2 protein chains.
Amino acid sequence: MGYEGKIFKYVGTRPIRPDGIDKVTGRANYGADQNLPGMLSGRILRSPHAHARILSIDMSRAARLPGVKAVVTSADFPEIPSVVAEGGEGGGVNYGDMSANVMARGKVMYEGHAIAAVAAVSDAIAEEALSLIDVKYEILPHVIDVDEAMKPGAPVLHGHIFTTGIEPRPEKPSNIVLRTQMGLGDPDAAFKDADIIIERSFKTEAVHQGYIEPHAAVAEWSEDGQCRIWCSSQGHFMVRTYTAAILKMELSQIRVTPAEIGGGFGGKLTVYIEPVAVLLARKAKRPVRIVMSRQEVFRATGPTSGTSIDVKIGAKKDGRLVAGAAEFRYQAGGFAGSPVGPACMTAFACYNMEHSRAVGYEVLVNRPMCVAYRAPGAPMAALAVESVIDEIAQKLNIDPIELRLMNASKEGTTAAYGPKFEAIGNIECLNAVKNHPNYKIPLGPNQGRGIASGFWFNFGGQSSAAINIAADGTVTVAYGCPDIGGSRASMALIAAEVLGIEFEKVRPVIGDTSTVGFNDVTGGSRITFATGMAVIQAAEDAIVKLRERAALIWEIGIEAVVWEDGHARPASANAGDFEPLSLAKIAEQAPLTGGPIIGSASLTANGPGPAFGTHMCDVEVDPETGHITVLRYLVTQDAGKAIHPSYVEGQMQGGATQGIGWALNEEYFYSADGRLQNAAFLDYRIPVASDMPMIDTVIIEVPSPSHPFGVRGVGEVSIVPPLAAVANAVSRAIGVRMTSLPLSPPKILAAIEGK
Amino acid sequence: MGYEGKIFKYVGTRPIRPDGIDKVTGRANYGADQNLPGMLSGRILRSPHAHARILSIDMSRAARLPGVKAVVTSADFPEIPSVVAEGGEGGGVNYGDMSANVMARGKVMYEGHAIAAVAAVSDAIAEEALSLIDVKYEILPHVIDVDEAMKPGAPVLHGHIFTTGIEPRPEKPSNIVLRTQMGLGDPDAAFKDADIIIERSFKTEAVHQGYIEPHAAVAEWSEDGQCRIWCSSQGHFMVRTYTAAILKMELSQIRVTPAEIGGGFGGKLTVYIEPVAVLLARKAKRPVRIVMSRQEVFRATGPTSGTSIDVKIGAKKDGRLVAGAAEFRYQAGGFAGSPVGPACMTAFACYNMEHSRAVGYEVLVNRPMCVAYRAPGAPMAALAVESVIDEIAQKLNIDPIELRLMNASKEGTTAAYGPKFEAIGNIECLNAVKNHPNYKIPLGPNQGRGIASGFWFNFGGQSSAAINIAADGTVTVAYGCPDIGGSRASMALIAAEVLGIEFEKVRPVIGDTSTVGFNDVTGGSRITFATGMAVIQAAEDAIVKLRERAALIWEIGIEAVVWEDGHARPASANAGDFEPLSLAKIAEQAPLTGGPIIGSASLTANGPGPAFGTHMCDVEVDPETGHITVLRYLVTQDAGKAIHPSYVEGQMQGGATQGIGWALNEEYFYSADGRLQNAAFLDYRIPVASDMPMIDTVIIEVPSPSHPFGVRGVGEVSIVPPLAAVANAVSRAIGVRMTSLPLSPPKILAAIEGK
C-alpha cells in the first residue's frame with residue numbers, strides 16, 4: 001500500500017499511552033516484581049580490587065550455612081573462548097568476554113567484578129553467605145585513565161590482546177584493542193589551503209546511563225533443561241540469545257518474559273545476572289531472584305567510555321570548512337566494548353567536508369566493561385568537533401548557525417563513513433533554531449549561548465508483529481520489544497491508522513520470546529521505525545484477510561473488494577451493491593468464514609533514515625562559585641514523521657537532559673587503588689527536575705525514504721549535541737574555551753582565574 | 001501437502017511430554033499459584049438455601065471490617081437479559097443466566113449459589129467479613145429430582161420459562177426448558193415387525209467432573225479499563241469472551257494468561273469466579289485472588305445431569321434391530337445447561353437402525369447449573385440403549401459382540417441425527433474386543449462380563465498456531481489451548497513431523513489471549529484434531545518461507561526448491577547443484593535473507609472425525625456385601641491416527657475410570673431441605689488407583705478423512721460405554737437387570753434379594 005501524501009487520522013495525534021496509567025499508579029511490574037513460589041534470593045560477591053589474580057575461591061563455608069541452597073563460581077560456567085562470534089542473532093559478540101564479565105575467570109578486571117554467587121532462602125542469609133566466601137587474590141597494578149593505559153609500561157589487562165587494525169601485528173600484547181580509521185579525500189594536503197586551523201584536545205569522563213531501575217531477574221529451571229527467565233531488559237530475545245550462548249543452551253529451551261523496564265539507554269543491552277540466576281536455579285532446583293543494588297549498578301554495569309580526543313579543523317575566511325582530522329581514544333573497560341567506531345563514523349557527518357580523517361583507539365582500563373549509552377560514542381565526538389566549529393565561528397566572527405548552514409551535509413552529501421545521504425533534515429534543524437524566538441533573546445552578563453549539531457545513523461534490524469482481531473472487532477498488536485519511550489502508543493497508532501479503526505480499539509501487547517516472533521532489541525532508535533514497519537505489514541496482511549472474508553460473504557472475488565476507512569467496500573459499482581462491512585462485522589462472522597483473523601509480518605529493516613538535530617543552550621555562570629544555570633534549552637530534531645509527537649518530544653527532552661548532566665555534573669571518582677568512590681545517586685549527580693528549565697522542542701519532519709510513513713528513529717540523536725551545546729555556551733559565557741567535562745565549578749573557577 | 005501413505009517418523013512415537021517434568025516435580029504453576037504484589041484474598045458468600053428469594057443484602061458491616069478492601073453483589077454487575085446470544089465467539093450462550101449464576105440476582109436457585117463477595121488483606125479477614133454479611137431470604141419450596149420437577153404443581157424455578165419445542169407454546173411457565181426430538185423412519189410402525197421388544201426405564205445420578213484442582217483466578221484491574229486475569233480453565237479465550245460479555249467489556253481490554261489446569265473434563269468450560277475477581281479488583285484497586293474450596297466446587301460447579309430415561313428397542317429373532325425409541329429427561333440445574341441434545345443425537349448412533357426416535361426434555365431443578373462433562377449427555381444415553389441391547393442379546397442368546405457387529409453403523413450409514421458417516425471404526429472396535437485375549441477368559445461364580453459400545457461426534461472449531469524459528473534452528477510452536485491430556489506433546493510431534501526436525505528441537509508454548517491467535521476451548525476432543533491441523537498449516541507456511549530463503553541464498557526460483565526431511569534441496573538436477581540446507585542453516589542466515597522466519601495459520605476445522613469405542617468389563621459381585629470388584633477392563637477405540645499413543649491410551653483409561661466411578665460409586669446426597677450432604681471427596685467417592693485393575697487398551701486407527709494425518713478426537717468417547725459396560729457386567733453377574741446408577745451395595749443386595 002502507498003502512504004505517500006496520505007492524510008493521517010491517528011498517526012500524529014497524542015493519546016495517552018496504553019502503559020501510562022499502570023506506570024503512574026505503580027501497578028506496572030518491573031524486573032524485581034516477579035514472585036514465584038519457593039523463590040530464593042540470589043546475591044553476588046564482587047571484587048574489592050581493581051585488578052587482581054584470583055588464587056582460590058573457597059565456597060565451602062558459604063555452602064554450609066543453613067538456608068543456602070546453591071553456590072556458583074565461574075567453574076560452573078561452560079568454557080567459552082574469547083573470540084567474536086559470527087552470523088546469526090548473536091553475531092559480532094565476544095561471548096567469552098561476556099561470560100568472563102558475568103563471572104570472573106582467573107582474574108578480576110575491575111572493582112565490582114562478579115566472583116561468586118549464592119542463593120538462599122532470605123536476603124539476609126544470602127548476604128551472610130557472601131561474607132563466608134574466602135577468596136585469595138594476588139593484587140596486580142591497575143590503570144584507570146585511557147591515556148595512561150596506552151603508554152608503554154602500563155599494566156596490561158589481558159595477555160591475549162594484540163591491537164587489531166595495525167600492520168604488522170604488534171609483537172607484544174597491550175591495552176589497545178583496536179585502531180580504526182576512516183575518512184575522505186586528503187586532509188593533510190587540504191589543511192594547507194585553510195585560512196584558519198583550530199586544533200584542540202578534549203577529555204570526557206565515563207558516565208553511567210543512570211536508569212532508575214536496577215537490573216533484576218528471576219530464573220526458573222526444570223530438570224528437562226527448559227528454563228524461564230523474567231527480567232527487565234532492552235530485549236528479552238537478546239537475553240535469550242546471550243544466556244543461551246553463555247550457558248550453551250538451545251534457544252527454544254529458554255523462555256524470557258519481559259518485565260517493564262525502568263530505563264535502559266543502552267545499559268540493558270547485555271546480560272549480567274540472568275545466566276547467574278539460571279545456574280543458581282538449576283543447582284538449587286528452585287526459582288532464584290537476583291536484584292542489583294544501586295552500588296552494584298554503578299560498580300559493575302554501564303558505563304560509556306571516558307575519552308581523550310584531539311580534533312583539528314581548517315576553514316577558509318568565509319567560513320567554508322576545508323578539512324578535519326580527529327583522533328579518538330576511548331575507554332573500553334575491563335573487556336572490549338567501547339563505541340569508538342561510531343565516534344569515528346559520526347564525527348564529521350553533519351558537514352559537507354571533502355577531506356576528513358577519523359582515527360579511533362579502543363583501550364582497556366580497569367573499569368566496568370563499557371556498554372552502549374544512547375547514540376554510543378557520538379556525544380563525545382560531537383563535543384570535540386562542535387567545540388572546534390564553534391571556535392572557528394568565533395574566530396571568523398560568523399554566526400554559528402550560519403557557519404553550519406554554509407557547510408551542512410544534505411541530500412547527496414557523501415558521509416565520511418561511506419554512504420551518500422538521501423533526504424535528511426540537517427539544514428531544516430539549523431533553520432528551526434535560527435527562526436526560533438529563543439535565538440533572538442538577548443543575553444546578559446555572564447551568560448553565553450551555545451549551538452551544536454548532532455548526527456546519528458539509527459538502526460533497523462529484525463522485527464516481527466502480529467495483529468489478532470477479536471470477535472468484537474477490537475484488536476491486539478503483539479510483538480516483542482520492551483516499551484521504553486512509548487512504543488506501545490506508536491504501535492497502536494500505526495495499527496489503528498492502517499486498519500482504519502479507533503486507537504482505543506487497539507491494545508498493544510509485548511509478548512515473551514516463545515509466543516511472538518523474534519524481535520531485535522529496543523535500541524538503535526529502531527522500534528517505531530522497524531517494528532512499526534512490521535506492524536504496518538501485519539495490518540496490511542490482516543486487511544488482505546478481511547477483504548477475503550468480505551469477498552466470501554458477498555460471494556465476489558477478493559479483487560473486487562477494497563479496504564477503506566475500516567470497512568470492506570465493493571471496489572466499484574460493477575462489483576455489486578453491498579453495504580460496507582466494518583472490521584467488527586467481519587470479525588463477528590470469522591468462525592463461519594475460515595476462523596480467526598490474524599495478520600502477521602516479520603522483516604529485517606534496512607536503511608533506517610539517519611537523524612540530525614541542532615540544540616541551542618543558554619547558560620549563566622556564577623563567577624563567584626563557578627555554578628552554571630541552564631537558562632533555556634532548545635532542541636530541534638528531524639523525526640521523519642512523528643507518530644506520537646509527545647513521546648518524540650519526550651525523547652528530545654530526555655536526551656538533552658542526560659547530555660546536560662554529562663556536560664555539567666556526571667563523573668566517576670576513583671581512589672588511587674582503583675575503587676569507585678561515588679557509587680550512589682547522592683554522589684553521582686544526574687540532573688533532577690529542579691536543575692532544568694523546560695526544554696523547548698521543534699519537531700522537523702523530513703520523511704525518511706526507507707519507511708512507508710517516513711519515520712526516523714528519534715531516541716538517540718538528542719543526546720549527541722548537548723555536551724557541545726553546553727560547553728560552547730559556557731565557553732562563550734566565561735570567555736575561555738572549555739575542553740574537559742564535566743564543567744564542574746572548580747574547573748570553571750580555575751578557567752576564569754587563568755584567563 | 002499430501003500426507004496419505006506417509007510413513008511417519010515422529011508421529012506415533014512416545015516421547016516424554018514437554019510439561020511432564022514440571023508437573024511431576026511440582027514446579028508447574030496452577031491457578032492458585034499466581035501471586036501479585038499487594039494481592040488481596042477474595043471470598044464468596046453462598047446460599048444456604050436450595051431455593052429462596054433474596055429480600056435484602058446488607059454489606060455494610062462487612063465493608064467496615066478493617067482489612068476489607070471491596071465488597072460486591074449482583075448490583076455491581078451490568079444487567080443482562082436472559083436470552084441466548086447469537087453469532088460470534090460466544091454464540092449460543094445465555095449470558096443473562098451465566099451472570100445470574102455467577103452472582104445471584106433476586107433469587108437463589110440452589111444451595112451454594114453465590115450471593116456476595118469480599119476482598120480483604122488476608123484469608124481470615126475475608127472469611128470473617130463473609131460472616132458479617134446480612135442476607136434476608138424468603139425461603140421457597142424446592143425440587144431436586146428431575147421427574148418430580150416435571151410434574152404439574154412442582155415448584156417453578158423461573159417465571160419466564162415456557163417450554164420451547166412444543167407447539168403451541170405452553171400457557172404457564174414450568175421447569176421444562178425445552179423438548180427436542182429427532183429420528184429416522186417410523187419406529188411406531190416398525191416395532192410391529194419386531195419379534196422381541198425390550199422396554200426399560202433407567203435412572204442416573206448427577207455426578208461431578210471431579211477434577212483435582214479447584215477453580216482459582218487472579219484478576220488485576222487498571223484505571224484505564226484494561227484488566228488481566230490469570231486462571232486455570234479449559235480455554236483462556238473462553239474466559240475472556242465470557243468475562244467480557246458479563247462485564248460488558250471489550251475483548252482486547254482483557255488479557256487472560258492460562259495457568260496449568262489440574263483437570264477439567266468439561267467442568268472448566270465456563271466462568272464462576274473470574275468476573276467476580278475482576279469486579280473486586282476494580283473496586284479495591286488491587287489484584288484479587290479467589291480460590292474455591294472443595295466444598296464450593298461441589299456445591300456450586302459442575303455437575304452433569306442426573307437423568308431419567310425410557311428406552312424401547314425391537315429386534316428380529318436373528319438379532320437384527322428394527323426400531324428404537326427413547327425419552328431422555330435430563331436435569332439442567334438452576335439454569336438451563338443440560339446435555340439432553342447430545343443424548344438424543346448419540347443414543348442410537350452405533351447402530352444401523354432404519355427406524356428410531358429420541359425425545360429429550362431439559363428440566364430445571366434446584367441444583368448447580370449443569371455444565372459439560374466429557375462427551376456430555378452421551379454416557380447416560382449409552383447406559384440405557386446398551387443395557388437394552390445387552391438384554392436383547394441375552395434374550396435371543398446371541399453373543400453381545402455378534403449382535404452389535406450385525407447391526408453396527410459403518411461408512412455410509414445415516415446417523416439418526418442427520419449425517420451419513422464417512423469412514424468410521426465402529427466395527428473395528430467391536431472386532432478388537434472379540435479378538436482380544438481378555439474376551440476368551442472364562443468367568444467364575446458371581447462374575448459377569450459386560451460389553452458396551454459408544455459414540456461421540458467430536459468437535460472442530462477455531463484454532464490458530466504459529467511456528468517461530470529461532471536462529472539456532474530450534475522451534476517454538478505457539479498456540480492458545482490449555483494442555484489437559486498431553487496436547488503439548490502432540491503439537492510438538494506434529495510440528496517435528498512436518499518440519500522434519502527432531503521432537504526435542506520443538507518447544508510447544510501456550511500463549512495468553514493477547515499474544516497468540518484465537519483458539520476455541522480445550523474441549524470436544526478437538527485440540528489434537530483442530531489445533532493440530534493449525535500446527536500442520538503453520539509448519540507448512542514456515543516451510544514455504546524456508547524454501548523462499550533457500551531460493552534466495554541459491555539465487556534460484558522457489559519452485560526449484562523442495563523441502564524434504566528437514567532440508568531445502570534443489571527440486572531436480574536442473575535446478576542447480578547445491579548442498580542441501582538444513583533448517584538450522586537457513587535460520588542462521590535469516591537476518592540477512594528477510595528477517596525472522598515465522599509460520600502462522602488459523603482455521604475453523606469442520607467435520608471432525610466421529611469416534612467409536614467398545615468396552616469390555618468383567619466384574620465379580622460379593623453376594624454377602626454387594627461389593628463389586630472390577631476384575632479386568634478393556635477399552636478399544638478408534639483414534640484415527642494416534643499422534644502420541646501413550647496419551648491416547650491415557651485418555652482411554654481415564655474416561656473408562658471416570659465412567660466406572662459413575663457406574664459404581666458417585667452420587668450427590670441431598671437432605672430433605674435441598675442441601676448437599678457429601679460435598680467432599682471422602683463422601684463423594686471417585687475411584688482411586690487401588691479400586692481399579694490395569695485397564696487394557698487397543699488403539700484402532702481408521703483415518704479420519706477430514707484431517708491430513710487422519711486424526712480423530714480421543715478424549716471423550718472413552719467415557720460413553722463404561723456406565724453400560726459395568727451395568728451389563730453386574731446384571732449378568734447377579735442375574736438381575738440393573739437400571740439405576742450408581743450400583744451401590746445396598747442396591748445390589750436389594751436386587752439379589754428381590755430375585
# chains A, B, ... in the order shown; residues from 1 in each chain; ligands from 1
call {"tool": "interface_residues", "arguments": {"of": "chain B", "to": "chain A", "cutoff": "8 Å", "atoms": "only C-alpha atoms", "output": "number ranges by chain"}}
result
B: 21-22, 27, 33-37, 87-89, 222-224, 250-253, 461-464, 468, 470-472, 474-479, 505-507, 509-511, 514-519, 587-598, 600, 602-604
call {"tool": "residues_around", "arguments": {"residues": "Ile398 of chain A", "least_positions_apart": "4", "cutoff": "12 Å", "atoms": "only C-alpha atoms", "output": "VMD selection string"}}
result
chain A and resid 315 to 320 389 to 394 402 to 406
call {"tool": "residues_around", "arguments": {"residues": "Phe681 of chain A", "least_positions_apart": "5", "cutoff": "12 Å", "atoms": "only C-alpha atoms", "output": "PDB file with C-alpha atoms, in the first residue's frame"}}
result
ATOM      1  CA  HIS A 208      26.645   5.896  33.633  1.00  0.00           C
ATOM      2  CA  GLN A 209      23.334   5.519  31.794  1.00  0.00           C
ATOM      3  CA  GLY A 210      21.685   6.293  35.116  1.00  0.00           C
ATOM      4  CA  TYR A 211      18.495   4.301  34.639  1.00  0.00           C
ATOM      5  CA  ILE A 212      16.276   4.389  37.700  1.00  0.00           C
ATOM      6  CA  SER A 293      21.684  -2.712  44.494  1.00  0.00           C
ATOM      7  CA  ARG A 294      22.440   0.781  43.215  1.00  0.00           C
ATOM      8  CA  GLN A 295      26.025   0.264  44.342  1.00  0.00           C
ATOM      9  CA  VAL A 297      24.736  -0.967  39.225  1.00  0.00           C
ATOM     10  CA  PHE A 298      27.443   1.673  39.448  1.00  0.00           C
ATOM     11  CA  ASN A 665      27.908  17.101  36.673  1.00  0.00           C
ATOM     12  CA  GLU A 666      28.434  13.434  35.973  1.00  0.00           C
ATOM     13  CA  GLU A 667      31.745  11.672  36.536  1.00  0.00           C
ATOM     14  CA  TYR A 668      33.209   8.667  38.329  1.00  0.00           C
ATOM     15  CA  ILE A 686      22.316  13.232  37.479  1.00  0.00           C
ATOM     16  CA  PRO A 687      20.086  16.242  36.721  1.00  0.00           C
ATOM     17  CA  VAL A 688      16.805  16.424  38.581  1.00  0.00           C
TER      18      VAL A 688
END
call {"tool": "select_by_dssp", "arguments": {"residues": "segment 53-277 of chain B", "states": "strand (DSSP E)", "output": "ChimeraX atom specification"}}
result
/B:53-58,68-73,107-108,114-120,134-139,176-184,196-204,216-221,227-231,254-258
call {"tool": "atom_distance", "arguments": {"atom1": "atom CA of Ala689 of chain A", "atom2": "atom CA of Thr657 of chain A"}}
result
9.4 Å
call {"tool": "residues_around", "arguments": {"residues": "Val561 of chain A", "least_positions_apart": "4", "cutoff": "12 Å", "atoms": "only C-alpha atoms", "output": "ChimeraX atom specification"}}
result
/A:543-557,567-581
call {"tool": "closest_residue", "arguments": {"among": "A:Asp683, A:Asp622, A:Glu362, A:Glu497", "to": "Asp147 of chain A", "atoms": "only C-alpha atoms"}}
result
A:Glu362
call {"tool": "atom_distance", "arguments": {"atom1": "atom CA of Ser56 of chain B", "atom2": "atom CA of Leu40 of chain B"}}
result
26.3 Å
call {"tool": "residues_around", "arguments": {"residues": "segment 735-752 of chain B", "least_positions_apart": "2", "cutoff": "8 Å", "atoms": "only C-alpha atoms", "output": "VMD selection string"}}
result
chain B and resid 200 to 205 384 391 623 to 628 662 to 667 727 to 728 730 to 733 754 to 755
call {"tool": "write_last_selection", "arguments": {"atoms": "N, CA and C atoms", "output": "mmCIF file, in the first residue's frame"}}
result
data_model
loop_
_atom_site.group_PDB
_atom_site.id
_atom_site.type_symbol
_atom_site.label_atom_id
_atom_site.label_comp_id
_atom_site.auth_asym_id
_atom_site.auth_seq_id
_atom_site.Cartn_x
_atom_site.Cartn_y
_atom_site.Cartn_z
ATOM 1 N N ARG B 200 -37.282 -50.511 28.910
ATOM 2 C CA ARG B 200 -36.760 -50.355 30.269
ATOM 3 C C ARG B 200 -36.675 -48.879 30.633
ATOM 4 N N SER B 201 -36.740 -48.593 31.909
ATOM 5 C CA SER B 201 -36.512 -47.230 32.405
ATOM 6 C C SER B 201 -35.250 -47.218 33.258
ATOM 7 N N PHE B 202 -34.559 -46.134 33.159
ATOM 8 C CA PHE B 202 -33.270 -46.013 33.844
ATOM 9 C C PHE B 202 -33.216 -44.710 34.626
ATOM 10 N N LYS B 203 -32.363 -44.736 35.604
ATOM 11 C CA LYS B 203 -32.159 -43.513 36.375
ATOM 12 C C LYS B 203 -30.662 -43.405 36.693
ATOM 13 N N THR B 204 -30.106 -42.227 36.448
ATOM 14 C CA THR B 204 -28.702 -41.985 36.850
ATOM 15 C C THR B 204 -28.659 -40.737 37.700
ATOM 16 N N GLU B 205 -27.644 -40.677 38.536
ATOM 17 C CA GLU B 205 -27.482 -39.525 39.428
ATOM 18 C C GLU B 205 -26.579 -38.475 38.785
ATOM 19 N N ALA B 384 -28.548 -46.565 28.858
ATOM 20 C CA ALA B 384 -29.908 -47.031 28.600
ATOM 21 C C ALA B 384 -29.969 -47.906 27.344
ATOM 22 N N GLU B 391 -29.664 -56.819 26.874
ATOM 23 C CA GLU B 391 -30.769 -57.672 27.289
ATOM 24 C C GLU B 391 -31.339 -58.413 26.085
ATOM 25 N N PRO B 623 -21.811 -61.525 46.987
ATOM 26 C CA PRO B 623 -23.247 -61.612 47.283
ATOM 27 C C PRO B 623 -23.552 -61.309 48.751
ATOM 28 N N GLU B 624 -22.540 -61.347 49.611
ATOM 29 C CA GLU B 624 -22.744 -61.049 51.027
ATOM 30 C C GLU B 624 -22.869 -59.550 51.274
ATOM 31 N N THR B 625 -21.996 -58.784 50.583
ATOM 32 C CA THR B 625 -21.902 -57.345 50.872
ATOM 33 C C THR B 625 -22.444 -56.463 49.751
ATOM 34 N N GLY B 626 -22.588 -57.048 48.578
ATOM 35 C CA GLY B 626 -22.969 -56.241 47.426
ATOM 36 C C GLY B 626 -21.804 -55.477 46.823
ATOM 37 N N HIS B 627 -20.614 -55.708 47.328
ATOM 38 C CA HIS B 627 -19.442 -55.003 46.795
ATOM 39 C C HIS B 627 -19.052 -55.568 45.437
ATOM 40 N N ILE B 628 -18.693 -54.664 44.540
ATOM 41 C CA ILE B 628 -18.335 -55.061 43.174
ATOM 42 C C ILE B 628 -16.844 -54.853 42.961
ATOM 43 N N TRP B 662 -18.647 -43.440 38.014
ATOM 44 C CA TRP B 662 -20.026 -43.004 37.794
ATOM 45 C C TRP B 662 -20.992 -44.190 37.957
ATOM 46 N N ALA B 663 -20.565 -45.327 37.413
ATOM 47 C CA ALA B 663 -21.412 -46.511 37.457
ATOM 48 C C ALA B 663 -21.510 -47.087 38.864
ATOM 49 N N LEU B 664 -20.402 -47.063 39.579
ATOM 50 C CA LEU B 664 -20.354 -47.806 40.847
ATOM 51 C C LEU B 664 -20.600 -46.958 42.086
ATOM 52 N N ASN B 665 -20.030 -45.748 42.121
ATOM 53 C CA ASN B 665 -19.937 -45.054 43.403
ATOM 54 C C ASN B 665 -20.558 -43.673 43.478
ATOM 55 N N GLU B 666 -20.433 -42.907 42.399
ATOM 56 C CA GLU B 666 -20.609 -41.465 42.544
ATOM 57 C C GLU B 666 -22.072 -41.050 42.551
ATOM 58 N N GLU B 667 -22.436 -40.221 43.502
ATOM 59 C CA GLU B 667 -23.778 -39.616 43.529
ATOM 60 C C GLU B 667 -23.799 -38.493 44.554
ATOM 61 N N ALA B 727 -22.722 -51.871 34.079
ATOM 62 C CA ALA B 727 -24.079 -52.307 34.431
ATOM 63 C C ALA B 727 -24.401 -53.647 33.782
ATOM 64 N N ASN B 728 -23.974 -53.827 32.549
ATOM 65 C CA ASN B 728 -24.215 -55.112 31.877
ATOM 66 C C ASN B 728 -23.461 -56.243 32.571
ATOM 67 N N VAL B 730 -22.521 -56.358 35.742
ATOM 68 C CA VAL B 730 -23.140 -56.619 37.039
ATOM 69 C C VAL B 730 -24.473 -57.339 36.844
ATOM 70 N N SER B 731 -25.250 -56.885 35.853
ATOM 71 C CA SER B 731 -26.559 -57.507 35.602
ATOM 72 C C SER B 731 -26.392 -58.983 35.287
ATOM 73 N N ARG B 732 -25.388 -59.292 34.482
ATOM 74 C CA ARG B 732 -25.143 -60.702 34.130
ATOM 75 C C ARG B 732 -24.584 -61.473 35.331
ATOM 76 N N ALA B 733 -23.765 -60.790 36.146
ATOM 77 C CA ALA B 733 -23.178 -61.485 37.300
ATOM 78 C C ALA B 733 -24.254 -61.900 38.305
ATOM 79 N N GLY B 754 -34.286 -59.533 45.811
ATOM 80 C CA GLY B 754 -35.563 -59.467 45.099
ATOM 81 C C GLY B 754 -35.694 -60.474 43.976
ATOM 82 N N LYS B 755 -34.615 -61.194 43.694
ATOM 83 C CA LYS B 755 -34.579 -62.107 42.554
ATOM 84 C C LYS B 755 -35.629 -63.209 42.682
#
call {"tool": "closest_residue", "arguments": {"among": "A:Gly263, A:Gly185, A:Gly485, A:Pro437", "to": "Met353 of chain A", "atoms": "only C-alpha atoms"}}
result
A:Gly185
call {"tool": "residues_around", "arguments": {"residues": "Glu79 of chain B", "least_positions_apart": "6", "cutoff": "9 Å", "atoms": "only C-alpha atoms", "output": "MDAnalysis selection string"}}
result
chainID B and resid 96 99 246
call {"tool": "residues_around", "arguments": {"residues": "Leu269 of chain A", "least_positions_apart": "6", "cutoff": "8 Å", "atoms": "only C-alpha atoms", "output": "ChimeraX atom specification"}}
result
/A:233-235,238,371-372,521,523
call {"tool": "write_last_selection", "arguments": {"atoms": "C-alpha atoms", "output": "PDB file, in the first residue's frame"}}
result
ATOM      1  CA  SER A 233      15.924  -5.543  29.693  1.00  0.00           C
ATOM      2  CA  GLN A 234      16.056  -3.741  26.392  1.00  0.00           C
ATOM      3  CA  GLY A 235      15.364  -7.004  24.625  1.00  0.00           C
ATOM      4  CA  MET A 238      18.685 -10.618  23.466  1.00  0.00           C
ATOM      5  CA  VAL A 371      28.218  -0.876  27.063  1.00  0.00           C
ATOM      6  CA  ALA A 372      26.022   1.218  24.833  1.00  0.00           C
ATOM      7  CA  VAL A 521      16.476  -5.155  20.989  1.00  0.00           C
ATOM      8  CA  GLY A 523      17.875   0.102  20.865  1.00  0.00           C
TER       9      GLY A 523
END
call {"tool": "closest_residue", "arguments": {"among": "B:Gly264, B:Pro275, B:Pro610, B:Pro482", "to": "Ser409 of chain B", "atoms": "only C-alpha atoms"}}
result
B:Pro610
call {"tool": "decode", "arguments": {"residues": "segment 307-321 of chain B", "atoms": "N, CA and C atoms", "output": "mmCIF file, in the first residue's frame"}}
result
data_model
loop_
_atom_site.group_PDB
_atom_site.id
_atom_site.type_symbol
_atom_site.label_atom_id
_atom_site.label_comp_id
_atom_site.auth_asym_id
_atom_site.auth_seq_id
_atom_site.Cartn_x
_atom_site.Cartn_y
_atom_site.Cartn_z
ATOM 1 N N THR B 307 -30.389 -38.118 35.464
ATOM 2 C CA THR B 307 -31.326 -38.368 34.368
ATOM 3 C C THR B 307 -32.360 -39.414 34.722
ATOM 4 N N SER B 308 -33.392 -39.384 33.924
ATOM 5 C CA SER B 308 -34.449 -40.391 33.962
ATOM 6 C C SER B 308 -34.742 -40.714 32.500
ATOM 7 N N ILE B 309 -34.631 -41.983 32.129
ATOM 8 C CA ILE B 309 -34.634 -42.352 30.713
ATOM 9 C C ILE B 309 -35.518 -43.589 30.479
ATOM 10 N N ASP B 310 -36.270 -43.559 29.390
ATOM 11 C CA ASP B 310 -37.004 -44.742 28.944
ATOM 12 C C ASP B 310 -36.457 -45.160 27.587
ATOM 13 N N VAL B 311 -36.195 -46.431 27.431
ATOM 14 C CA VAL B 311 -35.726 -46.919 26.131
ATOM 15 C C VAL B 311 -36.516 -48.155 25.737
ATOM 16 N N LYS B 312 -36.828 -48.213 24.442
ATOM 17 C CA LYS B 312 -37.558 -49.351 23.887
ATOM 18 C C LYS B 312 -36.891 -49.717 22.576
ATOM 19 N N ILE B 313 -36.471 -50.982 22.453
ATOM 20 C CA ILE B 313 -35.836 -51.435 21.217
ATOM 21 C C ILE B 313 -36.468 -52.751 20.793
ATOM 22 N N GLY B 314 -36.726 -52.835 19.487
ATOM 23 C CA GLY B 314 -37.283 -54.067 18.943
ATOM 24 C C GLY B 314 -36.300 -54.737 17.996
ATOM 25 N N ALA B 315 -36.316 -56.112 17.997
ATOM 26 C CA ALA B 315 -35.399 -56.859 17.133
ATOM 27 C C ALA B 315 -36.089 -58.074 16.555
ATOM 28 N N LYS B 316 -35.491 -58.534 15.464
ATOM 29 C CA LYS B 316 -35.900 -59.820 14.906
ATOM 30 C C LYS B 316 -35.223 -60.934 15.723
ATOM 31 N N LYS B 317 -35.714 -62.140 15.542
ATOM 32 C CA LYS B 317 -35.121 -63.277 16.272
ATOM 33 C C LYS B 317 -33.648 -63.471 15.948
ATOM 34 N N ASP B 318 -33.265 -63.138 14.703
ATOM 35 C CA ASP B 318 -31.862 -63.322 14.314
ATOM 36 C C ASP B 318 -30.960 -62.228 14.861
ATOM 37 N N GLY B 319 -31.558 -61.312 15.587
ATOM 38 C CA GLY B 319 -30.743 -60.259 16.203
ATOM 39 C C GLY B 319 -30.797 -58.944 15.458
ATOM 40 N N ARG B 320 -31.382 -58.896 14.312
ATOM 41 C CA ARG B 320 -31.437 -57.665 13.545
ATOM 42 C C ARG B 320 -32.360 -56.661 14.255
ATOM 43 N N LEU B 321 -31.844 -55.459 14.502
ATOM 44 C CA LEU B 321 -32.626 -54.427 15.193
ATOM 45 C C LEU B 321 -33.564 -53.777 14.189
#
